[in-house]
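What's in coords-v4.cif: mmCIF, C-alpha atoms and all ligand atoms
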data_run
#
loop_
_atom_site.label_atom_id
_atom_site.label_comp_id
_atom_site.auth_asym_id
_atom_site.auth_seq_id
_atom_site.Cartn_x
_atom_site.Cartn_y
_atom_site.Cartn_z
CA MET A 1 -39.14 -51.65 7.66
CA ALA A 2 -36.01 -50.11 6.19
CA ASN A 3 -32.61 -50.78 7.73
CA VAL A 4 -29.98 -48.08 7.76
CA LEU A 5 -26.58 -49.72 8.12
CA VAL A 6 -23.28 -47.85 8.35
CA VAL A 7 -20.05 -49.54 7.30
CA THR A 8 -17.40 -47.88 9.42
CA SER A 9 -13.97 -48.41 11.01
CA GLY A 10 -12.05 -45.31 12.03
CA LYS A 11 -8.96 -46.56 10.22
CA GLY A 12 -8.57 -46.16 6.47
CA GLY A 13 -7.79 -48.92 3.99
CA VAL A 14 -9.32 -51.72 6.05
CA GLY A 15 -12.01 -52.65 3.52
CA LYS A 16 -15.06 -50.44 4.17
CA THR A 17 -15.75 -49.57 0.55
CA THR A 18 -15.06 -53.12 -0.63
CA SER A 19 -17.42 -54.43 2.06
CA THR A 20 -20.18 -51.89 1.34
CA ALA A 21 -20.22 -52.94 -2.32
CA ALA A 22 -20.02 -56.66 -1.55
CA LEU A 23 -22.69 -56.64 1.17
CA GLY A 24 -24.94 -54.36 -0.89
CA ALA A 25 -24.74 -56.61 -3.93
CA ALA A 26 -25.26 -59.76 -1.86
CA LEU A 27 -28.36 -58.25 -0.22
CA ALA A 28 -29.70 -57.31 -3.65
CA GLN A 29 -28.97 -60.83 -4.89
CA ALA A 30 -31.06 -62.09 -1.99
CA GLY A 31 -33.97 -60.05 -3.37
CA GLU A 32 -33.74 -56.99 -1.12
CA LYS A 33 -34.02 -53.48 -2.53
CA VAL A 34 -30.73 -51.81 -1.69
CA VAL A 35 -29.04 -48.42 -1.99
CA VAL A 36 -25.36 -47.91 -1.19
CA ILE A 37 -24.36 -44.33 -0.32
CA ASP A 38 -20.83 -42.97 -0.57
CA PHE A 39 -20.16 -40.58 2.33
CA ASP A 40 -16.50 -40.08 1.43
CA VAL A 41 -16.91 -36.54 0.10
CA GLY A 42 -13.91 -35.44 -1.91
CA LEU A 43 -12.45 -38.95 -2.08
CA ARG A 44 -15.26 -40.99 -3.53
CA ASN A 45 -14.46 -44.55 -4.56
CA LEU A 46 -17.61 -46.56 -4.18
CA ASP A 47 -18.59 -45.60 -7.76
CA LEU A 48 -15.34 -47.17 -9.00
CA VAL A 49 -15.72 -50.35 -6.98
CA MET A 50 -19.32 -50.63 -8.26
CA GLY A 51 -18.26 -49.90 -11.86
CA ALA A 52 -20.54 -46.85 -12.15
CA GLU A 53 -17.87 -44.14 -12.33
CA ARG A 54 -18.74 -43.15 -15.89
CA ARG A 55 -22.38 -42.61 -15.09
CA VAL A 56 -22.26 -40.17 -12.19
CA VAL A 57 -24.33 -37.06 -12.91
CA PHE A 58 -25.53 -35.79 -9.55
CA ASP A 59 -24.35 -36.67 -6.07
CA LEU A 60 -25.33 -36.72 -2.40
CA ILE A 61 -24.44 -33.05 -1.89
CA ASN A 62 -26.56 -31.99 -4.89
CA VAL A 63 -29.48 -33.80 -3.26
CA VAL A 64 -28.81 -32.39 0.21
CA GLN A 65 -28.64 -28.87 -1.27
CA GLY A 66 -31.78 -29.38 -3.33
CA VAL A 67 -29.98 -28.98 -6.69
CA ALA A 68 -31.15 -32.43 -7.75
CA LYS A 69 -33.99 -34.71 -6.79
CA LEU A 70 -33.10 -38.00 -5.17
CA GLN A 71 -34.34 -39.97 -8.20
CA GLN A 72 -32.00 -38.01 -10.45
CA ALA A 73 -28.93 -38.77 -8.39
CA LEU A 74 -29.59 -42.47 -7.84
CA ILE A 75 -27.72 -44.71 -10.29
CA ARG A 76 -29.19 -48.11 -10.96
CA ASP A 77 -26.76 -51.02 -11.18
CA LYS A 78 -26.49 -52.49 -14.66
CA ARG A 79 -26.37 -56.08 -13.38
CA LEU A 80 -28.80 -56.09 -10.46
CA GLU A 81 -32.00 -54.15 -10.94
CA ASN A 82 -32.72 -53.72 -7.23
CA LEU A 83 -29.29 -52.27 -6.43
CA TRP A 84 -28.70 -48.50 -6.54
CA LEU A 85 -25.82 -46.15 -5.82
CA LEU A 86 -25.91 -42.63 -4.41
CA PRO A 87 -22.44 -41.26 -5.19
CA ALA A 88 -20.40 -38.77 -3.18
CA SER A 89 -19.26 -35.49 -4.59
CA GLN A 90 -15.67 -35.45 -5.84
CA THR A 91 -15.12 -31.74 -5.90
CA ARG A 92 -17.30 -29.93 -3.44
CA ASP A 93 -16.54 -28.95 0.10
CA LYS A 94 -17.14 -31.50 2.87
CA ASP A 95 -18.99 -28.90 4.93
CA ALA A 96 -21.75 -28.87 2.33
CA LEU A 97 -23.17 -31.95 4.07
CA THR A 98 -25.39 -30.94 6.96
CA ASP A 99 -26.82 -33.12 9.68
CA GLU A 100 -30.33 -31.96 8.85
CA GLY A 101 -29.80 -32.47 5.09
CA VAL A 102 -28.47 -35.99 5.52
CA GLY A 103 -31.41 -36.74 7.81
CA ARG A 104 -33.86 -35.64 5.13
CA VAL A 105 -32.19 -37.79 2.44
CA ILE A 106 -32.08 -40.86 4.69
CA ALA A 107 -35.73 -40.38 5.65
CA GLU A 108 -36.71 -40.30 1.97
CA LEU A 109 -34.59 -43.36 1.18
CA ARG A 110 -36.28 -45.23 4.04
CA THR A 111 -39.57 -45.01 2.16
CA LYS A 112 -38.07 -46.54 -0.99
CA PHE A 113 -35.52 -49.17 0.08
CA ASP A 114 -35.18 -52.21 2.34
CA TRP A 115 -31.51 -51.53 3.05
CA ILE A 116 -29.57 -48.27 3.07
CA LEU A 117 -25.83 -48.93 3.33
CA CYS A 118 -23.64 -45.95 4.23
CA ASP A 119 -19.97 -46.22 3.28
CA SER A 120 -18.18 -44.11 5.90
CA PRO A 121 -15.02 -42.11 5.28
CA ALA A 122 -12.01 -42.93 7.49
CA GLY A 123 -11.42 -40.94 10.63
CA ILE A 124 -13.59 -39.90 13.54
CA GLU A 125 -14.44 -36.43 12.26
CA ARG A 126 -17.61 -34.91 10.90
CA GLY A 127 -17.81 -37.08 7.77
CA ALA A 128 -17.64 -40.34 9.73
CA MET A 129 -20.07 -38.91 12.27
CA LEU A 130 -22.63 -37.99 9.58
CA ALA A 131 -22.33 -41.43 7.96
CA MET A 132 -23.31 -43.16 11.23
CA ARG A 133 -25.70 -40.48 12.49
CA TYR A 134 -28.99 -42.09 11.37
CA ALA A 135 -27.88 -45.74 11.50
CA ASP A 136 -29.93 -48.57 12.98
CA GLN A 137 -27.05 -51.01 12.57
CA ALA A 138 -23.30 -50.77 12.14
CA VAL A 139 -20.76 -53.06 10.54
CA ILE A 140 -17.40 -52.26 12.09
CA VAL A 141 -14.74 -53.34 9.63
CA THR A 142 -11.64 -54.49 11.49
CA ASN A 143 -8.32 -55.95 10.38
CA PRO A 144 -6.53 -58.37 12.75
CA GLU A 145 -3.99 -55.77 13.70
CA VAL A 146 -3.54 -53.54 16.76
CA SER A 147 -4.15 -50.09 15.28
CA SER A 148 -7.28 -51.23 13.49
CA VAL A 149 -8.72 -52.79 16.66
CA ARG A 150 -7.96 -49.64 18.62
CA ASP A 151 -9.75 -47.47 16.04
CA SER A 152 -12.71 -49.86 16.02
CA ASP A 153 -12.98 -49.37 19.75
CA ARG A 154 -13.20 -45.59 19.31
CA ILE A 155 -15.83 -46.00 16.63
CA ILE A 156 -17.87 -48.23 18.94
CA GLY A 157 -17.72 -45.41 21.49
CA MET A 158 -19.06 -42.97 18.90
CA LEU A 159 -21.84 -45.34 17.84
CA ASP A 160 -22.91 -45.52 21.49
CA SER A 161 -22.97 -41.75 21.99
CA LYS A 162 -23.16 -39.69 18.80
CA THR A 163 -25.94 -41.40 16.86
CA VAL A 164 -29.61 -40.45 16.87
CA LYS A 165 -30.39 -43.92 18.27
CA ALA A 166 -28.00 -43.33 21.17
CA GLU A 167 -29.45 -39.89 21.87
CA GLN A 168 -32.92 -41.43 22.04
CA GLY A 169 -31.66 -43.90 24.63
CA GLU A 170 -31.69 -46.80 22.17
CA ARG A 171 -28.81 -48.79 20.72
CA VAL A 172 -27.32 -49.13 17.29
CA ILE A 173 -26.97 -52.87 16.59
CA LYS A 174 -23.25 -53.48 16.14
CA HIS A 175 -21.42 -56.20 14.24
CA ILE A 176 -17.70 -56.83 13.78
CA LEU A 177 -16.60 -57.80 10.28
CA ILE A 178 -13.01 -59.02 10.22
CA THR A 179 -11.50 -58.43 6.79
CA ARG A 180 -8.14 -59.03 5.10
CA PHE A 181 -7.71 -62.10 7.31
CA ASP A 182 -4.59 -63.99 6.24
CA PRO A 183 -4.83 -67.64 7.35
CA ALA A 184 -1.12 -68.33 6.83
CA ARG A 185 -0.09 -65.44 9.03
CA ALA A 186 -2.74 -66.36 11.55
CA ALA A 187 -1.37 -69.92 11.67
CA ARG A 188 2.08 -68.55 12.36
CA GLY A 189 0.65 -66.43 15.19
CA GLU A 190 1.56 -63.20 13.46
CA MET A 191 -1.90 -61.69 13.64
CA LEU A 192 -4.25 -61.00 16.50
CA SER A 193 -6.55 -64.00 16.83
CA ILE A 194 -10.25 -63.67 16.14
CA ASP A 195 -11.03 -64.58 19.75
CA ASP A 196 -8.71 -61.84 20.99
CA ILE A 197 -10.39 -59.24 18.79
CA LEU A 198 -13.89 -60.24 19.84
CA GLU A 199 -12.96 -60.31 23.50
CA ILE A 200 -11.36 -56.87 23.33
CA LEU A 201 -14.21 -55.26 21.39
CA ALA A 202 -16.97 -57.22 23.16
CA THR A 203 -19.12 -57.10 20.02
CA PRO A 204 -20.61 -60.02 18.04
CA LEU A 205 -18.92 -61.26 14.88
CA LEU A 206 -20.70 -60.94 11.53
CA GLY A 207 -18.09 -62.64 9.38
CA ILE A 208 -14.46 -63.22 8.52
CA ILE A 209 -13.34 -62.17 5.05
CA PRO A 210 -10.03 -63.67 3.91
CA GLU A 211 -7.32 -61.64 2.23
CA SER A 212 -7.76 -62.57 -1.43
CA GLN A 213 -6.69 -61.74 -4.96
CA ASP A 214 -10.35 -62.02 -5.94
CA VAL A 215 -11.03 -58.70 -4.20
CA LEU A 216 -8.41 -56.94 -6.32
CA ARG A 217 -9.67 -58.56 -9.52
CA ALA A 218 -13.22 -57.50 -8.75
CA SER A 219 -12.21 -53.90 -8.08
CA ASN A 220 -10.14 -53.85 -11.29
CA VAL A 221 -13.21 -54.61 -13.35
CA GLY A 222 -15.61 -52.55 -11.23
CA SER A 223 -17.79 -55.30 -9.85
CA PRO A 224 -18.58 -56.13 -6.21
CA VAL A 225 -16.74 -59.35 -5.36
CA THR A 226 -20.04 -61.08 -4.52
CA LEU A 227 -21.09 -60.50 -8.15
CA ASN A 228 -17.79 -60.91 -9.91
CA ASN A 229 -16.89 -64.32 -8.57
CA VAL A 230 -19.71 -65.77 -6.48
CA ALA A 231 -17.79 -68.94 -5.72
CA SER A 232 -14.66 -67.22 -4.43
CA ALA A 233 -13.79 -67.43 -0.73
CA PRO A 234 -14.37 -63.71 -0.02
CA ALA A 235 -17.70 -63.74 -1.91
CA ARG A 236 -18.89 -66.76 0.09
CA ALA A 237 -17.84 -65.08 3.33
CA TYR A 238 -19.70 -61.88 2.42
CA THR A 239 -22.78 -63.86 1.37
CA ASP A 240 -22.78 -65.71 4.71
CA ALA A 241 -22.47 -62.34 6.49
CA VAL A 242 -25.54 -61.09 4.60
CA ARG A 243 -27.53 -64.17 5.58
CA ARG A 244 -26.67 -63.41 9.20
CA LEU A 245 -27.76 -59.79 8.72
CA MET A 246 -31.06 -61.14 7.44
CA GLY A 247 -31.49 -63.18 10.60
CA GLU A 248 -30.32 -66.63 9.54
CA THR A 249 -27.99 -68.70 11.68
CA VAL A 250 -25.00 -69.67 9.59
CA ASP A 251 -21.93 -71.53 10.85
CA MET A 252 -18.87 -69.31 11.01
CA VAL A 253 -16.14 -70.47 8.65
CA VAL A 254 -12.65 -69.49 9.75
CA PRO A 255 -10.61 -69.25 6.57
CA THR A 256 -7.80 -71.79 6.48
CA GLU A 257 -4.73 -72.02 4.36
CA ARG A 258 -5.86 -73.61 1.14
CA ARG A 259 -3.56 -74.47 -1.70
CA GLY A 260 -4.78 -74.85 -5.24
CA LEU A 261 -3.21 -77.42 -7.55
CA MET A 262 -1.26 -74.82 -9.44
CA ASN A 263 0.00 -73.22 -6.27
CA ARG A 264 0.97 -76.57 -4.81
CA LEU A 265 2.92 -77.47 -7.94
CA LEU A 266 4.69 -74.14 -7.75
CA GLY A 267 5.07 -74.26 -4.01
CA ARG A 268 3.19 -70.99 -3.65
CA ARG A 269 0.81 -70.09 -0.94
CA ALA A 270 -2.80 -69.57 -1.86
CA ALA A 271 -3.83 -65.96 -2.16
CA MET B 1 5.20 -65.66 -21.47
CA SER B 2 5.38 -67.67 -18.28
CA MET B 3 2.82 -65.32 -16.70
CA ASN B 4 0.47 -65.97 -19.61
CA LEU B 5 0.93 -69.71 -19.24
CA LEU B 6 0.21 -69.44 -15.55
CA ARG B 7 -2.97 -67.56 -16.36
CA LEU B 8 -3.97 -70.20 -18.86
CA PHE B 9 -3.60 -72.94 -16.28
CA SER B 10 -5.19 -71.12 -13.42
CA GLY B 11 -8.08 -70.15 -15.66
CA SER B 12 -8.08 -66.49 -14.75
CA LYS B 13 -7.94 -63.58 -17.15
CA ALA B 14 -5.81 -60.54 -16.49
CA THR B 15 -7.95 -57.78 -15.05
CA ALA B 16 -5.27 -55.07 -14.82
CA PRO B 17 -5.78 -53.89 -18.45
CA VAL B 18 -9.46 -53.32 -17.71
CA ALA B 19 -8.50 -51.36 -14.62
CA ARG B 20 -6.05 -49.26 -16.63
CA GLU B 21 -8.63 -48.37 -19.26
CA ARG B 22 -11.28 -47.47 -16.71
CA LEU B 23 -8.84 -45.22 -14.87
CA GLN B 24 -7.63 -43.52 -18.04
CA ILE B 25 -11.16 -42.52 -18.97
CA LEU B 26 -12.05 -41.39 -15.47
CA LEU B 27 -8.86 -39.47 -14.77
CA ALA B 28 -8.81 -37.75 -18.15
CA HIS B 29 -12.16 -36.37 -17.16
CA GLU B 30 -11.30 -35.54 -13.54
CA ARG B 31 -8.04 -33.79 -14.43
CA GLY B 32 -9.84 -31.74 -17.04
CA LEU B 33 -12.28 -30.76 -14.34
CA ARG B 34 -9.77 -29.13 -12.00
CA GLY B 35 -9.94 -25.39 -12.44
CA GLN B 36 -12.38 -25.43 -15.32
CA PRO B 37 -16.08 -26.14 -15.54
CA ASP B 38 -17.27 -29.59 -16.54
CA LEU B 39 -18.49 -29.34 -20.15
CA LEU B 40 -21.13 -32.02 -19.67
CA ALA B 41 -22.41 -30.35 -16.51
CA THR B 42 -22.60 -27.01 -18.33
CA LEU B 43 -24.45 -28.59 -21.23
CA ARG B 44 -26.87 -30.26 -18.88
CA GLU B 45 -27.63 -27.03 -17.04
CA GLU B 46 -28.04 -24.93 -20.17
CA ILE B 47 -30.24 -27.48 -21.90
CA LEU B 48 -32.52 -27.59 -18.87
CA ALA B 49 -32.56 -23.78 -18.68
CA VAL B 50 -33.63 -23.50 -22.32
CA VAL B 51 -36.33 -26.10 -21.91
CA SER B 52 -37.69 -24.47 -18.77
CA LYS B 53 -38.15 -21.21 -20.69
CA HIS B 54 -40.89 -22.99 -22.63
CA ILE B 55 -42.41 -25.43 -20.22
CA GLN B 56 -42.78 -25.73 -16.51
CA LEU B 57 -40.15 -28.39 -15.72
CA ASP B 58 -41.29 -31.05 -13.33
CA PRO B 59 -38.04 -32.30 -11.79
CA ASP B 60 -39.58 -35.76 -11.45
CA LYS B 61 -40.10 -35.93 -15.21
CA VAL B 62 -36.50 -35.15 -16.11
CA THR B 63 -33.85 -37.86 -16.24
CA VAL B 64 -30.26 -37.15 -17.11
CA LYS B 65 -27.97 -40.04 -17.97
CA LEU B 66 -24.31 -39.91 -18.64
CA ASP B 67 -21.82 -42.37 -20.05
CA ARG B 68 -18.22 -41.24 -20.25
CA GLY B 69 -16.28 -43.06 -22.95
CA PRO B 70 -12.65 -43.00 -24.09
CA ALA B 71 -13.30 -40.98 -27.28
CA VAL B 72 -16.83 -39.67 -26.84
CA SER B 73 -19.24 -39.34 -23.95
CA THR B 74 -22.99 -39.34 -24.20
CA LEU B 75 -25.31 -37.07 -22.29
CA GLU B 76 -28.88 -38.24 -22.44
CA VAL B 77 -31.52 -35.76 -21.29
CA ASP B 78 -34.94 -37.26 -21.14
CA ILE B 79 -37.79 -34.82 -20.55
CA GLU B 80 -41.37 -35.89 -20.31
CA VAL B 81 -43.56 -33.23 -21.95
CA PRO B 82 -47.29 -33.48 -21.34
CA ASN B 83 -49.35 -34.12 -24.51
CA ASP B 84 -51.67 -31.18 -24.03
CA PHE B 85 -48.66 -28.88 -23.73
CA GLU B 86 -48.98 -27.27 -27.21
CA LYS B 87 -52.66 -26.55 -26.69
CA THR B 88 -52.21 -25.02 -23.24
CA LYS B 89 -49.35 -22.90 -24.48
CA ALA B 90 -51.24 -21.60 -27.53
CA LEU B 91 -54.17 -20.74 -25.30
CA ALA B 92 -51.99 -18.88 -22.86
CA GLU B 93 -50.36 -16.95 -25.69
CA ARG B 94 -53.69 -15.98 -27.22
CA ARG B 95 -54.87 -14.74 -23.86
CA ALA B 96 -51.67 -12.77 -23.33
CA GLY B 97 -52.07 -11.28 -26.85
CA ALA B 98 -55.67 -10.28 -26.15
CA ALA B 99 -54.81 -8.51 -22.93
N1 LIG A 301 -10.32 -59.17 1.60
C1 LIG A 301 -9.42 -58.45 0.92
N2 LIG A 301 -8.41 -59.06 0.27
C2 LIG A 301 -7.51 -58.34 -0.43
N3 LIG A 301 -7.54 -57.00 -0.56
C3 LIG A 301 -8.53 -56.33 0.05
C4 LIG A 301 -9.53 -57.01 0.82
N4 LIG A 301 -10.40 -56.08 1.29
C5 LIG A 301 -9.96 -54.88 0.84
N5 LIG A 301 -8.85 -55.02 0.10
C6 LIG A 301 -8.07 -53.96 -0.56
O1 LIG A 301 -7.66 -53.03 0.42
C7 LIG A 301 -7.66 -51.71 -0.09
C8 LIG A 301 -8.52 -50.81 0.78
O2 LIG A 301 -9.86 -51.27 0.69
P1 LIG A 301 -11.09 -50.27 0.79
O3 LIG A 301 -12.33 -51.10 0.70
O4 LIG A 301 -10.94 -49.16 -0.18
O5 LIG A 301 -10.89 -49.73 2.26
P2 LIG A 301 -11.51 -48.46 3.01
O6 LIG A 301 -12.79 -48.12 2.31
O7 LIG A 301 -11.73 -48.95 4.40
O8 LIG A 301 -10.51 -47.38 2.95
C9 LIG A 301 -8.15 -51.82 -1.53
O9 LIG A 301 -7.05 -51.85 -2.37
C10 LIG A 301 -8.88 -53.15 -1.55
O10 LIG A 301 -8.87 -53.74 -2.83
MG MG A 302 -13.43 -46.23 1.43
#
If you convert what's in this file into structure tokens, what do you get?
Amino acid sequence: MANVLVVTSGKGGVGKTTSTAALGAALAQAGEKVVVIDFDVGLRNLDLVMGAERRVVFDLINVVQGVAKLQQALIRDKRLENLWLLPASQTRDKDALTDEGVGRVIAELRTKFDWILCDSPAGIERGAMLAMRYADQAVIVTNPEVSSVRDSDRIIGMLDSKTVKAEQGERVIKHILITRFDPARAARGEMLSIDDILEILATPLLGIIPESQDVLRASNVGSPVTLNNVASAPARAYTDAVRRLMGETVDMVVPTERRGLMNRLLGRRAA
Amino acid sequence: MSMNLLRLFSGSKATAPVARERLQILLAHERGLRGQPDLLATLREEILAVVSKHIQLDPDKVTVKLDRGPAVSTLEVDIEVPNDFEKTKALAERRAGAA
């Protein structure tokens, strides 16, 4: 049975695209057949984070409009053979995506993949609505910060009302993924605590991804962080999140301030 | 110098140059695209149009691959043509000629 999972947030810049690539790659590493879809029409970035930007020929809108077949638009990852990307269009009009067209594409992908990960655009408009429309599950990416938590709350409201699941009287399974968590600032009480966030949003926690230089390095070279540096703290946190998605029980690791030798010698804080 | 030493000790390679190169290639292409048609897209469409004049194109049997490089890009159009194509075509032409 295929799983359609939307990675969403309301707020921009919280880590949706980073998380879509990292979770997608980690699922593929676990042997699942995965496609990641960029719904950010006009501002695509998932191709860059995945390192496939030079290979985009057709996109989601071409498929929705029948200009290209699904197989022609899907780009296979060069490192993981069971990971695929369906890119967004960079130039065309957002309104070219229709509810019915997206539904058709998702239905076809369901017959071919175990996991269909939809990278949502920011906002609560049409684009974000279409990205979540056919979801079975949602990962709500949240930063420990008031405006992000507020936007997550609005998105939860949309997931409970505007999705096909909701209209059928069922529920989209929701998970909170806290990203860009800075242990040093948390220790100083400068960030909302994880308990506060979970209490406010009343939604189960999927994982806590620390703020890390490894994420920037991975995006520089165009590789999901779970592939680029498997042993890094964010990669381990994403991999644990994927094990939870796949039904395993994994202890939750709250990132703590960790100083490497070099950083200690230099009196710097770990990234 | 001190940054390089730091890198040496911390065992990490600079990734920013890779990022710069990737962006240069991508943006050169995307800027060129604004306001004018994409050459590779035009080539792709015209190649497929020419081919479909001669054979019935099965969209499932056509793969188009692209790799944009700094100096040159490659467009790879892979079309599966059935083996009995020549025979069927000759037959059709003979029939058309006879009519
Ligand atoms: N855990 C993290 N540590 C450090 N930087 C991060 C982390 N997650 C995301 N980022 C950075 O934050 C920025 C926004 O991330 P992105 O995934 O594009 O967000 P969104 O898709 O929600 O707009 C990017 O520059 C990305 O590299
Ligand atoms: Mg994004």
Pick out the residues sitting within 8 Å of range 145-156 of chain A, and hand them over as a list in words; count all atoms listed in the file, and ignore anything fewer than 5 positions along from it in its own chain. Thr8, Ser9, Gly10, Lys11, Val14, Ile124, Ile140, Met191, Leu192, Ile197 and Leu201 of chain A
Find the residues near ligand LIG 301 (chain A). Use a cut-off of 6 Å, count only C-alpha atoms and all ligand atoms, and write them as a PDB file with C-alpha atoms, in the frame of the given file.
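Saved file pocket_23.pdb follows:
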ATOM      1  CA  GLY A  12      -8.570 -46.160   6.470  1.00  0.00           C
ATOM      2  CA  GLY A  13      -7.790 -48.920   3.990  1.00  0.00           C
ATOM      3  CA  VAL A  14      -9.320 -51.720   6.050  1.00  0.00           C
ATOM      4  CA  GLY A  15     -12.010 -52.650   3.520  1.00  0.00           C
ATOM      5  CA  LYS A  16     -15.060 -50.440   4.170  1.00  0.00           C
ATOM      6  CA  THR A  17     -15.750 -49.570   0.550  1.00  0.00           C
ATOM      7  CA  THR A  18     -15.060 -53.120  -0.630  1.00  0.00           C
ATOM      8  CA  THR A 179     -11.500 -58.430   6.790  1.00  0.00           C
ATOM      9  CA  ARG A 180      -8.140 -59.030   5.100  1.00  0.00           C
ATOM     10  CA  ILE A 209     -13.340 -62.170   5.050  1.00  0.00           C
ATOM     11  CA  PRO A 210     -10.030 -63.670   3.910  1.00  0.00           C
ATOM     12  CA  GLU A 211      -7.320 -61.640   2.230  1.00  0.00           C
ATOM     13  CA  SER A 212      -7.760 -62.570  -1.430  1.00  0.00           C
ATOM     14  CA  GLN A 213      -6.690 -61.740  -4.960  1.00  0.00           C
ATOM     15  CA  VAL A 215     -11.030 -58.700  -4.200  1.00  0.00           C
ATOM     16  CA  LEU A 216      -8.410 -56.940  -6.320  1.00  0.00           C
TER      17      LEU A 216
END
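Note that the spacing between CA of Val221 in chain A and CA of Val254 in chain A amounts to 27.5 Å.
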Expected selection as a ChimeraX atom specification for ligand MG 302 (chain A) within 12 Å, all atoms listed in the file: /A:7-21,37-49,88,118-123,127-128,141
CA of Val63 in chain A and CA of Glu100 in chain A, how far apart in Å? 12.3 Å
Residues within 10 Å of (-15.2, -28.8, 4.9), counting only C-alpha atoms, listed as a JSON list (two decimals) with C-alpha atoms, in the frame of the given file:
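Done, and the output landed in point16.json:
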[["chain", "number", "residue", "atom", "x", "y", "z"],
["A", 41, "VAL", "CA", -16.91, -36.54, 0.10],
["A", 42, "GLY", "CA", -13.91, -35.44, -1.91],
["A", 92, "ARG", "CA", -17.30, -29.93, -3.44],
["A", 93, "ASP", "CA", -16.54, -28.95, 0.10],
["A", 94, "LYS", "CA", -17.14, -31.50, 2.87],
["A", 95, "ASP", "CA", -18.99, -28.90, 4.93],
["A", 96, "ALA", "CA", -21.75, -28.87, 2.33],
["A", 97, "LEU", "CA", -23.17, -31.95, 4.07],
["A", 126, "ARG", "CA", -17.61, -34.91, 10.90],
["A", 127, "GLY", "CA", -17.81, -37.08, 7.77]]
Return as a Markdown table the residues of chain B lying at most 6 Å from chain A, together with the closest atom-to-atom pair for each and the distance in Å to one decimal, counting only C-alpha atoms, with rows in chain order and ascending residue number.
| residue | atom | partner | partner_atom | distance |
| --- | --- | --- | --- | --- |
| B:Thr15 | CA | A:Arg217 | CA | 5.8 |
| B:Val18 | CA | A:Val221 | CA | 5.9 |
| B:Ala19 | CA | A:Asn220 | CA | 4.5 |
| B:Leu66 | CA | A:Arg55 | CA | 4.9 |
| B:Asp67 | CA | A:Arg55 | CA | 5.0 |
| B:Arg68 | CA | A:Arg54 | CA | 4.8 |
How many Å lie between CA of Arg22 in chain B and CA of Ser73 in chain B, rounded to one decimal?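 Between these atoms lies a distance of 13.5 Å.
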A:Pro234, A:Leu74, A:Glu108, A:Leu83: which is nearest Val4 in chain A, counting only C-alpha atoms?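 Counting only C-alpha atoms, the residue closest to Val4 in chain A is A:Glu108.
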Using all atoms listed in the file, the best pick from A:Asn62, A:Leu205, A:Lys78, A:Asp251 as closest to Met50 in chain A would be A:Lys78
Give me, as a PyMOL selection string, all polymer residues having an atom no more than 12 Å from Ile79 in chain B, counting all atoms listed in the file and skipping those fewer than 6 positions away in the same chain. chain B and resi 44+47-48+51-52+55-65
Could the centre and edge lengths of an axis-aligned box, enclosing all atoms of range 102-115 of chain A in the file with 8 Å extra on each side, be given in Å to one decimal as lines of an AutoDock Vina configuration file?
center_x = -34.0
center_y = -43.9
center_z = 3.4
size_x = 27.1
size_y = 32.6
size_z = 24.8
Find the residue from B:Lys13, B:Glu30, B:Gln24, B:Leu40 that sits nearest to Thr74 in chain B; use only C-alpha atoms when measuring.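 Among B:Lys13, B:Glu30, B:Gln24, B:Leu40, it is B:Leu40 that comes nearest to Thr74 in chain B.
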For each of A:Arg104, A:Arg185, A:Arg171, A:Arg243, take the minimum atom-to-atom distance to Glu32 in chain A, counting all atoms listed in the file, then give the residue where this is smallest.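 Nearest to Glu32 in chain A: A:Arg243.
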Counting all atoms listed in the file, select every polymer residue within 6 Å of (-3.1, -63.1, 10.8) as defined in the file's coordinates, and provide the selection as a PyMOL selection string. chain A and resi 181-183+185-186+190-191
Pro204 in chain A surroundings by all atoms listed in the file, 12 Å radius, close-in-sequence under 5 positions cut, as a list in words: Ala138, Val139, Ile140, Ile173, Lys174, His175, Ile176, Leu177, Ile178, Ile194, Asp195, Ile197, Leu198, Glu199, Ala241, Arg244, Leu245 and Met252 of chain A
Generate the coordinates of N, CA, C and O atoms for range 36-40 of chain A; report them as an mmCIF file, keeping the file's coordinate frame.
data_model
loop_
_atom_site.group_PDB
_atom_site.id
_atom_site.type_symbol
_atom_site.label_atom_id
_atom_site.label_comp_id
_atom_site.auth_asym_id
_atom_site.auth_seq_id
_atom_site.Cartn_x
_atom_site.Cartn_y
_atom_site.Cartn_z
ATOM 1 N N VAL A 36 -26.636 -48.143 -1.870
ATOM 2 C CA VAL A 36 -25.360 -47.910 -1.190
ATOM 3 C C VAL A 36 -25.002 -46.433 -1.374
ATOM 4 O O VAL A 36 -25.081 -45.907 -2.476
ATOM 5 N N ILE A 37 -24.658 -45.762 -0.264
ATOM 6 C CA ILE A 37 -24.360 -44.330 -0.320
ATOM 7 C C ILE A 37 -22.892 -44.105 0.015
ATOM 8 O O ILE A 37 -22.389 -44.607 1.020
ATOM 9 N N ASP A 38 -22.219 -43.328 -0.816
ATOM 10 C CA ASP A 38 -20.830 -42.970 -0.570
ATOM 11 C C ASP A 38 -20.793 -41.688 0.252
ATOM 12 O O ASP A 38 -21.241 -40.638 -0.217
ATOM 13 N N PHE A 39 -20.273 -41.772 1.485
ATOM 14 C CA PHE A 39 -20.160 -40.580 2.330
ATOM 15 C C PHE A 39 -18.758 -39.987 2.289
ATOM 16 O O PHE A 39 -18.464 -39.032 3.005
ATOM 17 N N ASP A 40 -17.891 -40.548 1.471
ATOM 18 C CA ASP A 40 -16.500 -40.080 1.430
ATOM 19 C C ASP A 40 -16.387 -38.888 0.485
ATOM 20 O O ASP A 40 -15.832 -38.994 -0.614
#
